[in-house]
file data17.cif (mmCIF, C-alpha atoms)
data_run
#
loop_
_atom_site.label_atom_id
_atom_site.label_comp_id
_atom_site.auth_asym_id
_atom_site.auth_seq_id
_atom_site.Cartn_x
_atom_site.Cartn_y
_atom_site.Cartn_z
CA MET A 38 -5.31 6.82 12.32
CA LYS A 39 -4.19 3.19 12.56
CA LYS A 40 -7.82 2.12 12.80
CA SER A 41 -8.68 4.22 9.74
CA MET A 42 -5.80 2.75 7.69
CA MET A 43 -6.81 -0.76 8.76
CA SER A 44 -10.37 -0.11 7.62
CA ILE A 45 -9.15 1.10 4.21
CA LEU A 46 -6.88 -1.94 3.86
CA MET A 47 -9.73 -4.31 4.70
CA LEU A 48 -11.96 -2.53 2.17
CA VAL A 49 -9.33 -2.90 -0.57
CA ILE A 50 -8.91 -6.61 0.20
CA LEU A 51 -12.67 -7.09 0.13
CA LEU A 52 -12.95 -5.34 -3.22
CA VAL A 53 -10.11 -7.42 -4.68
CA PHE A 54 -11.64 -10.70 -3.59
CA THR A 55 -15.09 -9.60 -4.67
CA GLY A 56 -13.68 -8.68 -8.06
CA CYS A 57 -11.88 -12.02 -8.38
CA SER A 58 -15.01 -13.91 -7.46
CA SER A 59 -17.06 -11.96 -9.94
CA SER A 60 -14.60 -12.44 -12.81
CA SER A 61 -14.30 -16.17 -12.22
CA SER A 62 -18.05 -16.65 -12.45
CA THR A 63 -18.78 -14.19 -15.25
CA GLY A 64 -15.63 -14.44 -17.40
CA ALA A 65 -12.83 -11.93 -16.97
CA ASN A 66 -12.91 -10.88 -20.62
CA GLU A 67 -16.55 -11.47 -21.48
CA ASP A 68 -18.22 -8.78 -23.56
CA ASP A 69 -21.53 -8.29 -25.35
CA THR A 70 -20.50 -10.07 -28.54
CA LEU A 71 -20.00 -13.76 -29.26
CA THR A 72 -17.66 -14.38 -32.19
CA VAL A 73 -18.01 -17.77 -33.86
CA ALA A 74 -15.14 -19.06 -36.03
CA TRP A 75 -15.92 -21.45 -38.88
CA LEU A 76 -13.61 -23.73 -40.85
CA PRO A 77 -13.40 -23.20 -44.63
CA ASN A 78 -15.76 -26.16 -45.15
CA GLU A 79 -18.58 -24.30 -43.38
CA SER A 80 -17.62 -20.79 -44.53
CA GLY A 81 -19.18 -20.90 -47.98
CA GLU A 82 -22.05 -18.68 -49.08
CA ASP A 83 -24.31 -21.72 -49.44
CA LEU A 84 -24.17 -22.30 -45.67
CA GLY A 85 -24.81 -18.66 -44.79
CA GLU A 86 -28.43 -19.34 -43.84
CA ALA A 87 -27.43 -22.13 -41.47
CA ARG A 88 -24.75 -19.97 -39.80
CA ASP A 89 -27.16 -17.07 -39.46
CA GLU A 90 -29.89 -19.29 -38.04
CA ILE A 91 -27.61 -20.61 -35.29
CA GLY A 92 -26.46 -17.05 -34.63
CA LYS A 93 -30.01 -15.76 -34.21
CA ILE A 94 -30.95 -18.55 -31.82
CA LEU A 95 -27.82 -17.93 -29.72
CA GLU A 96 -28.53 -14.19 -29.66
CA ASP A 97 -32.03 -14.84 -28.30
CA ALA A 98 -30.66 -17.23 -25.67
CA THR A 99 -27.73 -15.14 -24.42
CA GLY A 100 -28.79 -11.56 -25.14
CA LYS A 101 -25.47 -11.06 -26.94
CA LYS A 102 -24.75 -10.12 -30.52
CA VAL A 103 -23.30 -12.99 -32.57
CA GLU A 104 -20.68 -12.32 -35.23
CA HIS A 105 -19.44 -14.95 -37.66
CA LYS A 106 -15.76 -15.28 -38.51
CA THR A 107 -15.55 -17.24 -41.76
CA THR A 108 -12.13 -18.46 -42.87
CA THR A 109 -10.22 -19.75 -45.87
CA ASP A 110 -7.63 -21.67 -43.86
CA TYR A 111 -7.89 -24.25 -41.08
CA ASN A 112 -5.13 -22.61 -39.08
CA ILE A 113 -6.96 -19.26 -39.00
CA ALA A 114 -9.97 -20.83 -37.27
CA ILE A 115 -7.80 -22.85 -34.87
CA GLU A 116 -5.67 -19.84 -33.94
CA ALA A 117 -8.75 -17.63 -33.55
CA ILE A 118 -10.30 -19.78 -30.82
CA ALA A 119 -6.96 -20.57 -29.15
CA ASN A 120 -5.73 -16.96 -29.09
CA GLY A 121 -8.99 -15.41 -27.96
CA ASN A 122 -10.05 -13.85 -31.27
CA ALA A 123 -13.15 -16.05 -31.22
CA ASP A 124 -15.40 -17.16 -28.37
CA LEU A 125 -16.83 -20.21 -30.11
CA ALA A 126 -15.76 -22.32 -33.07
CA PHE A 127 -16.91 -25.30 -35.09
CA LEU A 128 -13.81 -27.44 -35.61
CA GLY A 129 -12.93 -30.97 -36.62
CA ALA A 130 -11.69 -33.32 -33.91
CA GLN A 131 -8.05 -32.77 -34.92
CA GLY A 132 -8.56 -29.00 -35.07
CA TYR A 133 -10.04 -29.07 -31.57
CA ILE A 134 -7.08 -31.08 -30.25
CA GLU A 135 -4.63 -28.61 -31.79
CA ALA A 136 -6.51 -25.64 -30.31
CA ASN A 137 -6.70 -27.36 -26.91
CA ASN A 138 -2.95 -28.07 -27.04
CA LYS A 139 -2.33 -24.37 -27.63
CA ASN A 140 -4.76 -23.29 -24.90
CA ASP A 141 -6.42 -25.74 -22.52
CA SER A 142 -9.19 -23.19 -21.93
CA VAL A 143 -10.57 -24.31 -25.29
CA GLN A 144 -13.07 -27.03 -24.44
CA PRO A 145 -15.73 -28.94 -26.40
CA LEU A 146 -19.44 -28.30 -25.93
CA VAL A 147 -21.41 -30.50 -28.32
CA VAL A 148 -21.13 -32.68 -31.41
CA PRO A 149 -23.88 -33.73 -33.83
CA SER A 150 -25.22 -37.14 -32.84
CA GLY A 151 -25.64 -40.13 -35.08
CA GLU A 152 -28.99 -41.42 -36.28
CA SER A 153 -29.61 -42.82 -32.78
CA GLY A 154 -29.60 -39.32 -31.30
CA THR A 155 -26.63 -40.26 -29.08
CA LEU A 156 -22.82 -40.33 -29.11
CA ASP A 157 -22.85 -44.07 -29.86
CA ASP A 158 -22.89 -43.51 -33.61
CA ALA A 159 -21.70 -39.90 -33.76
CA VAL A 160 -19.39 -40.46 -36.72
CA TYR A 161 -19.00 -39.40 -40.32
CA ASN A 162 -16.75 -40.85 -43.01
CA SER A 163 -13.32 -40.09 -44.43
CA TRP A 164 -13.12 -41.01 -48.11
CA LEU A 165 -10.29 -41.81 -50.46
CA ALA A 166 -11.75 -41.05 -53.86
CA VAL A 167 -10.54 -41.59 -57.43
CA GLN A 168 -11.93 -41.12 -60.93
CA ASN A 169 -12.43 -44.86 -61.49
CA ALA A 170 -12.45 -47.33 -58.59
CA ASP A 171 -12.13 -50.32 -60.93
CA ASP A 172 -8.50 -49.33 -61.50
CA TYR A 173 -7.91 -50.13 -57.82
CA LYS A 174 -9.71 -53.46 -57.71
CA MET A 175 -7.64 -56.54 -56.88
CA ASN A 176 -9.12 -60.03 -56.62
CA GLY A 177 -12.59 -58.60 -56.31
CA GLU A 178 -11.70 -56.10 -53.57
CA TYR A 179 -10.84 -52.43 -53.65
CA LYS A 180 -7.27 -51.81 -52.48
CA ILE A 181 -5.21 -48.66 -51.98
CA ASP A 182 -1.95 -50.18 -53.30
CA GLY A 183 -2.23 -48.14 -56.48
CA ILE A 184 -2.21 -44.73 -54.79
CA GLN A 185 1.57 -44.79 -54.34
CA GLY A 186 3.27 -42.52 -56.86
CA LYS A 187 0.05 -40.70 -57.72
CA LYS A 188 -0.86 -37.01 -57.48
CA PHE A 189 -2.69 -36.82 -54.15
CA SER A 190 -4.91 -34.14 -52.61
CA PHE A 191 -5.39 -33.70 -48.86
CA VAL A 192 -7.60 -31.03 -47.30
CA SER A 193 -5.23 -29.52 -44.72
CA ASN A 194 -2.69 -31.06 -42.37
CA SER A 195 -4.99 -29.85 -39.55
CA SER A 196 -7.98 -31.74 -40.95
CA THR A 197 -9.16 -34.87 -39.15
CA SER A 198 -10.82 -36.70 -42.04
CA GLY A 199 -8.89 -34.83 -44.73
CA PHE A 200 -5.42 -35.66 -43.40
CA LYS A 201 -5.01 -37.20 -39.93
CA VAL A 202 -7.20 -40.27 -40.45
CA PRO A 203 -6.32 -41.01 -44.10
CA SER A 204 -2.58 -40.46 -43.58
CA THR A 205 -2.63 -42.82 -40.58
CA GLY A 206 -4.52 -45.41 -42.63
CA ILE A 207 -2.07 -45.11 -45.52
CA VAL A 208 0.94 -45.49 -43.22
CA ASP A 209 -0.60 -48.45 -41.38
CA TYR A 210 -1.33 -50.21 -44.68
CA PHE A 211 1.92 -49.61 -46.54
CA SER A 212 4.28 -50.00 -43.55
CA GLN A 213 3.42 -53.71 -43.57
CA GLN A 214 5.52 -53.92 -46.72
CA ASP A 215 9.32 -54.05 -46.38
CA LYS A 216 9.73 -51.28 -48.95
CA PHE A 217 7.70 -48.86 -46.84
CA LYS A 218 8.29 -50.17 -43.31
CA GLU A 219 9.81 -46.82 -42.25
CA LEU A 220 6.97 -44.74 -43.76
CA LYS A 221 5.59 -41.99 -41.49
CA ALA A 222 2.70 -39.55 -41.83
CA GLU A 223 5.09 -36.64 -42.31
CA ASP A 224 6.46 -38.41 -45.39
CA LEU A 225 3.10 -37.81 -47.05
CA LEU A 226 3.08 -34.04 -46.60
CA GLU A 227 5.09 -33.34 -49.76
CA GLY A 228 5.40 -35.04 -53.12
CA GLY A 229 8.20 -35.32 -55.64
CA LYS A 230 10.98 -37.58 -56.78
CA ASP A 231 11.74 -40.32 -54.24
CA LYS A 232 8.61 -39.32 -52.27
CA PHE A 233 5.62 -41.55 -51.61
CA PHE A 234 3.40 -39.37 -53.81
CA SER A 235 4.54 -37.75 -57.05
CA GLU A 236 2.74 -34.55 -56.03
CA VAL A 237 0.78 -33.45 -52.97
CA LEU A 238 -1.91 -30.78 -53.13
CA TYR A 239 -4.06 -29.24 -50.40
CA GLY A 240 -7.63 -28.26 -51.18
CA GLY A 241 -7.92 -25.92 -48.19
CA SER A 242 -11.38 -27.37 -47.61
CA HIS A 243 -13.04 -30.73 -48.24
CA GLN A 244 -14.85 -29.17 -51.16
CA GLY A 245 -11.56 -27.92 -52.55
CA SER A 246 -9.93 -31.33 -52.26
CA ALA A 247 -12.84 -32.95 -54.11
CA VAL A 248 -12.61 -30.36 -56.87
CA ASN A 249 -8.87 -31.05 -57.18
CA LEU A 250 -9.83 -34.62 -58.08
CA LEU A 251 -12.71 -33.71 -60.38
CA THR A 252 -10.61 -31.22 -62.37
CA GLY A 253 -7.75 -33.69 -62.80
CA LYS A 254 -5.25 -31.82 -60.67
CA ALA A 255 -5.15 -34.86 -58.40
CA GLU A 256 -5.54 -38.56 -59.16
CA VAL A 257 -6.56 -39.48 -55.60
CA ALA A 258 -8.17 -37.22 -53.00
CA ALA A 259 -9.09 -37.36 -49.33
CA PHE A 260 -12.27 -35.63 -48.16
CA CYS A 261 -15.33 -36.43 -46.05
CA ASP A 262 -18.90 -37.36 -46.88
CA THR A 263 -20.69 -34.72 -44.81
CA CYS A 264 -18.76 -31.82 -46.32
CA VAL A 265 -19.69 -32.69 -49.90
CA ASN A 266 -23.14 -34.23 -49.53
CA ASN A 267 -24.80 -30.90 -50.35
CA TYR A 268 -23.14 -30.99 -53.79
CA VAL A 269 -23.14 -34.65 -54.88
CA GLU A 270 -25.57 -37.55 -55.15
CA LEU A 271 -25.11 -41.32 -55.26
CA ALA A 272 -25.02 -42.49 -58.88
CA ASP A 273 -24.14 -46.15 -58.41
CA GLY A 274 -23.34 -48.66 -55.66
CA GLU A 275 -23.99 -48.48 -51.94
CA GLU A 276 -23.57 -45.22 -50.06
CA ASN A 277 -20.33 -44.94 -48.05
CA LYS A 278 -18.98 -48.20 -49.43
CA ALA A 279 -15.89 -48.77 -51.56
CA GLY A 280 -16.93 -48.85 -55.21
CA ALA A 281 -19.74 -46.32 -54.76
CA VAL A 282 -19.95 -43.73 -57.54
CA TYR A 283 -21.05 -40.15 -56.82
CA LYS A 284 -22.08 -37.49 -59.33
CA VAL A 285 -22.03 -33.70 -58.90
CA LYS A 286 -25.60 -32.35 -58.81
CA LYS A 287 -26.76 -30.19 -61.71
CA ASP A 288 -27.53 -27.27 -59.39
CA ALA A 289 -24.37 -27.60 -57.24
CA ALA A 290 -23.09 -24.39 -55.66
CA GLU A 291 -19.49 -23.15 -55.80
CA PRO A 292 -16.91 -24.58 -56.11
CA PHE A 293 -18.73 -27.53 -57.73
CA ASN A 294 -20.62 -25.39 -60.25
CA THR A 295 -17.70 -25.79 -62.68
CA VAL A 296 -17.73 -29.61 -62.53
CA VAL A 297 -21.47 -30.34 -62.74
CA GLY A 298 -22.22 -33.90 -63.85
CA LYS A 299 -18.70 -35.19 -63.21
CA THR A 300 -18.26 -38.36 -61.16
CA PHE A 301 -15.83 -39.92 -58.72
CA SER A 302 -15.75 -43.24 -56.92
CA LEU A 303 -14.59 -44.47 -53.51
CA ILE A 304 -11.80 -46.92 -52.80
CA SER A 305 -11.65 -46.48 -49.00
CA VAL A 306 -14.14 -45.39 -46.32
CA THR A 307 -13.13 -44.84 -42.67
CA PRO A 308 -15.44 -43.73 -39.82
CA VAL A 309 -14.33 -40.56 -37.97
CA LEU A 310 -15.52 -38.92 -34.73
CA ASN A 311 -17.93 -36.05 -35.37
CA ALA A 312 -16.79 -32.43 -35.23
CA PRO A 313 -17.42 -30.33 -32.11
CA PHE A 314 -18.60 -26.85 -31.32
CA VAL A 315 -15.97 -25.58 -28.87
CA VAL A 316 -15.71 -22.63 -26.48
CA ASN A 317 -12.89 -20.54 -25.06
CA THR A 318 -13.70 -20.63 -21.35
CA GLU A 319 -11.40 -17.67 -20.68
CA LEU A 320 -13.74 -15.45 -22.67
CA VAL A 321 -17.16 -16.94 -21.96
CA SER A 322 -18.49 -17.14 -18.42
CA GLU A 323 -19.91 -20.32 -16.94
CA GLU A 324 -23.36 -18.73 -16.89
CA THR A 325 -23.20 -17.91 -20.59
CA ARG A 326 -21.70 -21.30 -21.43
CA GLU A 327 -24.65 -22.99 -19.74
CA LYS A 328 -27.06 -20.94 -21.85
CA ILE A 329 -25.14 -21.79 -25.02
CA LEU A 330 -24.97 -25.49 -24.16
CA GLU A 331 -28.68 -25.67 -23.33
CA THR A 332 -29.54 -23.87 -26.55
CA LEU A 333 -27.35 -25.97 -28.82
CA MET A 334 -28.84 -29.16 -27.33
CA SER A 335 -32.42 -27.87 -27.62
CA ASP A 336 -35.24 -29.10 -29.85
CA GLU A 337 -35.24 -25.63 -31.40
CA ILE A 338 -31.89 -26.45 -33.01
CA ALA A 339 -32.60 -30.14 -33.63
CA THR A 340 -35.87 -29.48 -35.49
CA ASN A 341 -34.62 -26.42 -37.37
CA GLU A 342 -34.52 -27.40 -41.04
CA LYS A 343 -31.85 -24.80 -41.81
CA VAL A 344 -29.51 -26.54 -39.37
CA PHE A 345 -30.56 -30.20 -39.54
CA VAL A 346 -31.74 -30.56 -43.13
CA PRO A 347 -34.22 -33.29 -44.12
CA GLU A 348 -32.90 -35.66 -46.81
CA ASP A 349 -35.35 -34.40 -49.44
CA SER A 350 -34.68 -30.71 -48.73
CA LYS A 351 -32.93 -28.42 -51.21
CA LEU A 352 -31.47 -26.35 -48.38
CA SER A 353 -27.75 -26.59 -47.63
CA GLY A 354 -27.72 -27.11 -43.88
CA LEU A 355 -24.84 -28.01 -41.60
CA PHE A 356 -26.17 -31.49 -40.77
CA LYS A 357 -28.44 -34.10 -42.36
CA ARG A 358 -31.63 -35.36 -40.73
CA VAL A 359 -32.15 -39.01 -41.61
CA SER A 360 -33.86 -40.78 -38.70
CA GLY A 361 -35.40 -37.69 -37.13
CA LYS A 362 -33.49 -38.33 -33.89
CA GLU A 363 -30.36 -36.39 -34.87
CA ARG A 364 -29.41 -33.52 -32.58
CA LEU A 365 -26.45 -31.83 -30.91
CA VAL A 366 -25.33 -33.73 -27.80
CA GLU A 367 -22.93 -32.78 -25.02
CA VAL A 368 -19.40 -34.12 -25.22
CA GLU A 369 -16.33 -34.17 -22.97
CA ASP A 370 -12.67 -33.73 -23.87
CA ASP A 371 -11.72 -37.40 -23.39
CA TRP A 372 -14.20 -38.47 -26.10
CA PHE A 373 -11.59 -37.27 -28.61
CA ASN A 374 -8.77 -39.44 -27.21
CA PRO A 375 -8.96 -41.92 -30.13
CA ILE A 376 -7.93 -39.08 -32.46
CA ARG A 377 -5.14 -38.07 -30.07
CA GLU A 378 -3.85 -41.63 -30.19
CA LEU A 379 -3.28 -41.32 -33.94
CA SER A 380 -0.45 -38.87 -33.26
CA LYS A 381 1.42 -41.18 -30.90
#

call {"tool": "encode", "arguments": {"input": "data17.cif", "output": "structure tokens"}}
result
Amino acid sequence: MKKSMMSILMLVILLVFTGCSSSSSTGANEDDTLTVAWLPNESGEDLGEARDEIGKILEDATGKKVEHKTTTDYNIAIEAIANGNADLAFLGAQGYIEANNKNDSVQPLVVPSGESGTLDDAVYNSWLAVQNADDYKMNGEYKIDGIQGKKFSFVSNSSTSGFKVPSTGIVDYFSQQDKFKELKAEDLLEGGKDKFFSEVLYGGSHQGSAVNLLTGKAEVAAFCDTCVNNYVELADGEENKAGAVYKVKKDAAEPFNTVVGKTFSLISVTPVLNAPFVVNTELVSEETREKILETLMSDEIATNEKVFVPEDSKLSGLFKRVSGKERLVEVEDDWFNPIRELSK
């Protein structure tokens, strides 16, 4: 009897450890569907083809069904990946950091490279845009002094290039003046009497922030180049330089279809670390993560014109192909430390 009980006990222990080993290598909660969460900037109908193309390629690589979770709010996408309602997500650097702070199982996979095809120049640009840059020209240079007291549009307080980077730049610049030496980023969140800005709006997306400017709701707006380059074209000046003037294309999709032909100009341009695809490692096994990583970094993605769109293409892809070397490249968590430092 004792021998029989001992045998049963040993069998139970073996099963437990076998189960633990299996779950750690395959993902305790992994199922047959991969849910991908997208920020509002990439949730528009015009990018549906690009989302679907990535989904199809991932389905072929993993044997799983891919479902897209489009959003209208940054926090929805961040919470989805952090709380386990999404397996993968495409987030800005700040959004990734917030999701990782909530759940350290959220880890980066890849970011789009720069024109070199590497991480060395894997940046895009945060813009401060106005209706007329000449109004902000002082002694031959474009300055941001005149933004104080204006109606200002951010994207979201969880946006890297639509809040974190521009707000840090504004604070760094104005805090050199005695009048604003105590200015902090949180002072920019709301406008009103005795506030830095007379009014603060949030576009909810980079496109929305740009439209706030173009419709006159805001006098100054923060948004990024890559999120609006499907809708606007350079009209004057040098691309991504202060003083450059951009015009909304005649065939621009929503929400720019109501402001076709309108222009804005830049008064500040700041490089920002590229946005990552991230994964919740609690939900996706190491084996599946390897398949996803290999696929995202593949030539199949890099040469797909619905994902990396050639400059002369009319398609609205996620990324632009300029040099022909652009691709998704692997990235580690500590690559985003410069963005973390902005919060300290």

call {"tool": "resolve_selection", "arguments": {"input": "data17.cif", "expression": "the PyMOL selection byres ((chain A and resi 263) around 12)", "output": "ChimeraX atom specification"}}
result
/A:78-79,129,149,160-164,198-199,243-244,260-262,264-270,277,308-309,311-312,346,353-358

call {"tool": "write_last_selection", "arguments": {"input": "data17.cif", "atoms": "C-alpha atoms", "output": "compact mmCIF listing (two decimals), keeping the file's coordinate frame"}}
result
# COMPACT_ATOMS: atom_id res chain seq x y z
CA ASN A 78 -15.76 -26.16 -45.15
CA GLU A 79 -18.58 -24.30 -43.38
CA GLY A 129 -12.93 -30.97 -36.62
CA PRO A 149 -23.88 -33.73 -33.83
CA VAL A 160 -19.39 -40.46 -36.72
CA TYR A 161 -19.00 -39.40 -40.32
CA ASN A 162 -16.75 -40.85 -43.01
CA SER A 163 -13.32 -40.09 -44.43
CA TRP A 164 -13.12 -41.01 -48.11
CA SER A 198 -10.82 -36.70 -42.04
CA GLY A 199 -8.89 -34.83 -44.73
CA HIS A 243 -13.04 -30.73 -48.24
CA GLN A 244 -14.85 -29.17 -51.16
CA PHE A 260 -12.27 -35.63 -48.16
CA CYS A 261 -15.33 -36.43 -46.05
CA ASP A 262 -18.90 -37.36 -46.88
CA CYS A 264 -18.76 -31.82 -46.32
CA VAL A 265 -19.69 -32.69 -49.90
CA ASN A 266 -23.14 -34.23 -49.53
CA ASN A 267 -24.80 -30.90 -50.35
CA TYR A 268 -23.14 -30.99 -53.79
CA VAL A 269 -23.14 -34.65 -54.88
CA GLU A 270 -25.57 -37.55 -55.15
CA ASN A 277 -20.33 -44.94 -48.05
CA PRO A 308 -15.44 -43.73 -39.82
CA VAL A 309 -14.33 -40.56 -37.97
CA ASN A 311 -17.93 -36.05 -35.37
CA ALA A 312 -16.79 -32.43 -35.23
CA VAL A 346 -31.74 -30.56 -43.13
CA SER A 353 -27.75 -26.59 -47.63
CA GLY A 354 -27.72 -27.11 -43.88
CA LEU A 355 -24.84 -28.01 -41.60
CA PHE A 356 -26.17 -31.49 -40.77
CA LYS A 357 -28.44 -34.10 -42.36
CA ARG A 358 -31.63 -35.36 -40.73

call {"tool": "residues_around", "arguments": {"input": "data17.cif", "residues": "Gln168 in chain A", "least_positions_apart": "4", "cutoff": "12 Å", "atoms": "all atoms listed in the file", "output": "VMD selection string"}}
result
chain A and resid 172 to 173 247 to 258 280 to 284 299 to 304

call {"tool": "residues_near_point", "arguments": {"input": "data17.cif", "point": "(-30.1, -20.4, -38.0)", "cutoff": "12 Å", "atoms": "all atoms listed in the file", "output": "PyMOL selection string"}}
result
chain A and resi 84-97+103+105+332-333+337-346+353-355

call {"tool": "atom_distance", "arguments": {"input": "data17.cif", "atom1": "CA of Thr108 in chain A", "atom2": "CA of Leu76 in chain A"}}
result
5.8 Å

call {"tool": "resolve_selection", "arguments": {"input": "data17.cif", "expression": "the PyMOL selection byres ((chain A and resi 151) around 10)", "output": "list of chain:residue names"}}
result
A:Val148, A:Pro149, A:Ser150, A:Glu152, A:Ser153, A:Gly154, A:Thr155, A:Leu156, A:Asp157, A:Asp158, A:Ala159, A:Val160, A:Tyr161, A:Asn311, A:Lys357, A:Arg358, A:Val359, A:Ser360, A:Lys362, A:Glu363, A:Arg364, A:Leu365, A:Val366

call {"tool": "write_last_selection", "arguments": {"input": "data17.cif", "atoms": "C-alpha atoms", "output": "tab-separated table (two decimals), in the frame of the given file"}}
result
chain	number	residue	atom	x	y	z
A	148	VAL	CA	-21.13	-32.68	-31.41
A	149	PRO	CA	-23.88	-33.73	-33.83
A	150	SER	CA	-25.22	-37.14	-32.84
A	152	GLU	CA	-28.99	-41.42	-36.28
A	153	SER	CA	-29.61	-42.82	-32.78
A	154	GLY	CA	-29.60	-39.32	-31.30
A	155	THR	CA	-26.63	-40.26	-29.08
A	156	LEU	CA	-22.82	-40.33	-29.11
A	157	ASP	CA	-22.85	-44.07	-29.86
A	158	ASP	CA	-22.89	-43.51	-33.61
A	159	ALA	CA	-21.70	-39.90	-33.76
A	160	VAL	CA	-19.39	-40.46	-36.72
A	161	TYR	CA	-19.00	-39.40	-40.32
A	311	ASN	CA	-17.93	-36.05	-35.37
A	357	LYS	CA	-28.44	-34.10	-42.36
A	358	ARG	CA	-31.63	-35.36	-40.73
A	359	VAL	CA	-32.15	-39.01	-41.61
A	360	SER	CA	-33.86	-40.78	-38.70
A	362	LYS	CA	-33.49	-38.33	-33.89
A	363	GLU	CA	-30.36	-36.39	-34.87
A	364	ARG	CA	-29.41	-33.52	-32.58
A	365	LEU	CA	-26.45	-31.83	-30.91
A	366	VAL	CA	-25.33	-33.73	-27.80

call {"tool": "residues_around", "arguments": {"input": "data17.cif", "residues": "Phe314 in chain A", "least_positions_apart": "3", "cutoff": "6 Å", "atoms": "all atoms listed in the file", "output": "compact mmCIF listing (two decimals) with C-alpha atoms, in the frame of the given file"}}
result
# COMPACT_ATOMS: atom_id res chain seq x y z
CA ALA A 126 -15.76 -22.32 -33.07
CA PHE A 127 -16.91 -25.30 -35.09
CA LEU A 146 -19.44 -28.30 -25.93
CA VAL A 147 -21.41 -30.50 -28.32

call {"tool": "atom_distance", "arguments": {"input": "data17.cif", "atom1": "CA of Val306 in chain A", "atom2": "CA of Ala279 in chain A"}}
result
6.5 Å

call {"tool": "atom_distance", "arguments": {"input": "data17.cif", "atom1": "CA of Glu323 in chain A", "atom2": "CA of Gly132 in chain A"}}
result
23.1 Å

call {"tool": "closest_residue", "arguments": {"input": "data17.cif", "among": "A:Asn140, A:Thr197, A:Gln213, A:Asn374", "to": "Glu116 in chain A", "atoms": "all atoms listed in the file"}}
result
A:Asn140

call {"tool": "closest_residue", "arguments": {"input": "data17.cif", "among": "A:Arg326, A:Asp336, A:Thr205, A:Ala170", "to": "Gly361 in chain A", "atoms": "only C-alpha atoms"}}
result
A:Asp336

call {"tool": "decode", "arguments": {"input": "data17.cif", "residues": "range 227-263 of chain A", "atoms": "C-alpha atoms", "output": "short mmCIF file (atom, residue, chain, number, x, y, z; two decimals), in the first residue's frame"}}
result
data_model
loop_
_atom_site.label_atom_id
_atom_site.label_comp_id
_atom_site.auth_asym_id
_atom_site.auth_seq_id
_atom_site.Cartn_x
_atom_site.Cartn_y
_atom_site.Cartn_z
CA GLU A 227 -4.05 72.03 -19.22
CA GLY A 228 -4.59 75.55 -20.47
CA GLY A 229 -6.40 78.56 -19.06
CA LYS A 230 -5.85 81.75 -17.14
CA ASP A 231 -2.44 81.84 -15.45
CA LYS A 232 -1.44 78.67 -17.37
CA PHE A 233 1.42 78.42 -19.85
CA PHE A 234 -1.02 77.87 -22.73
CA SER A 235 -4.36 79.65 -23.05
CA GLU A 236 -5.96 76.36 -24.12
CA VAL A 237 -4.71 72.79 -24.50
CA LEU A 238 -6.33 70.33 -26.89
CA TYR A 239 -5.57 66.66 -27.58
CA GLY A 240 -5.95 65.32 -31.09
CA GLY A 241 -6.13 61.68 -29.96
CA SER A 242 -3.84 60.84 -32.87
CA HIS A 243 -1.10 62.67 -34.76
CA GLN A 244 -3.53 63.16 -37.61
CA GLY A 245 -6.06 64.63 -35.21
CA SER A 246 -3.54 67.06 -33.74
CA ALA A 247 -2.56 68.25 -37.22
CA VAL A 248 -6.21 68.78 -38.13
CA ASN A 249 -6.70 70.80 -34.93
CA LEU A 250 -4.10 73.20 -36.31
CA LEU A 251 -5.41 73.23 -39.87
CA THR A 252 -8.99 73.96 -38.76
CA GLY A 253 -7.91 76.79 -36.47
CA LYS A 254 -8.83 75.09 -33.23
CA ALA A 255 -5.16 75.31 -32.25
CA GLU A 256 -2.51 77.90 -33.07
CA VAL A 257 0.41 75.53 -32.46
CA ALA A 258 0.39 71.73 -32.69
CA ALA A 259 2.72 68.85 -31.93
CA PHE A 260 2.70 65.80 -34.21
CA CYS A 261 5.21 63.64 -36.07
CA ASP A 262 6.34 63.46 -39.67
CA THR A 263 5.77 59.74 -40.28
#
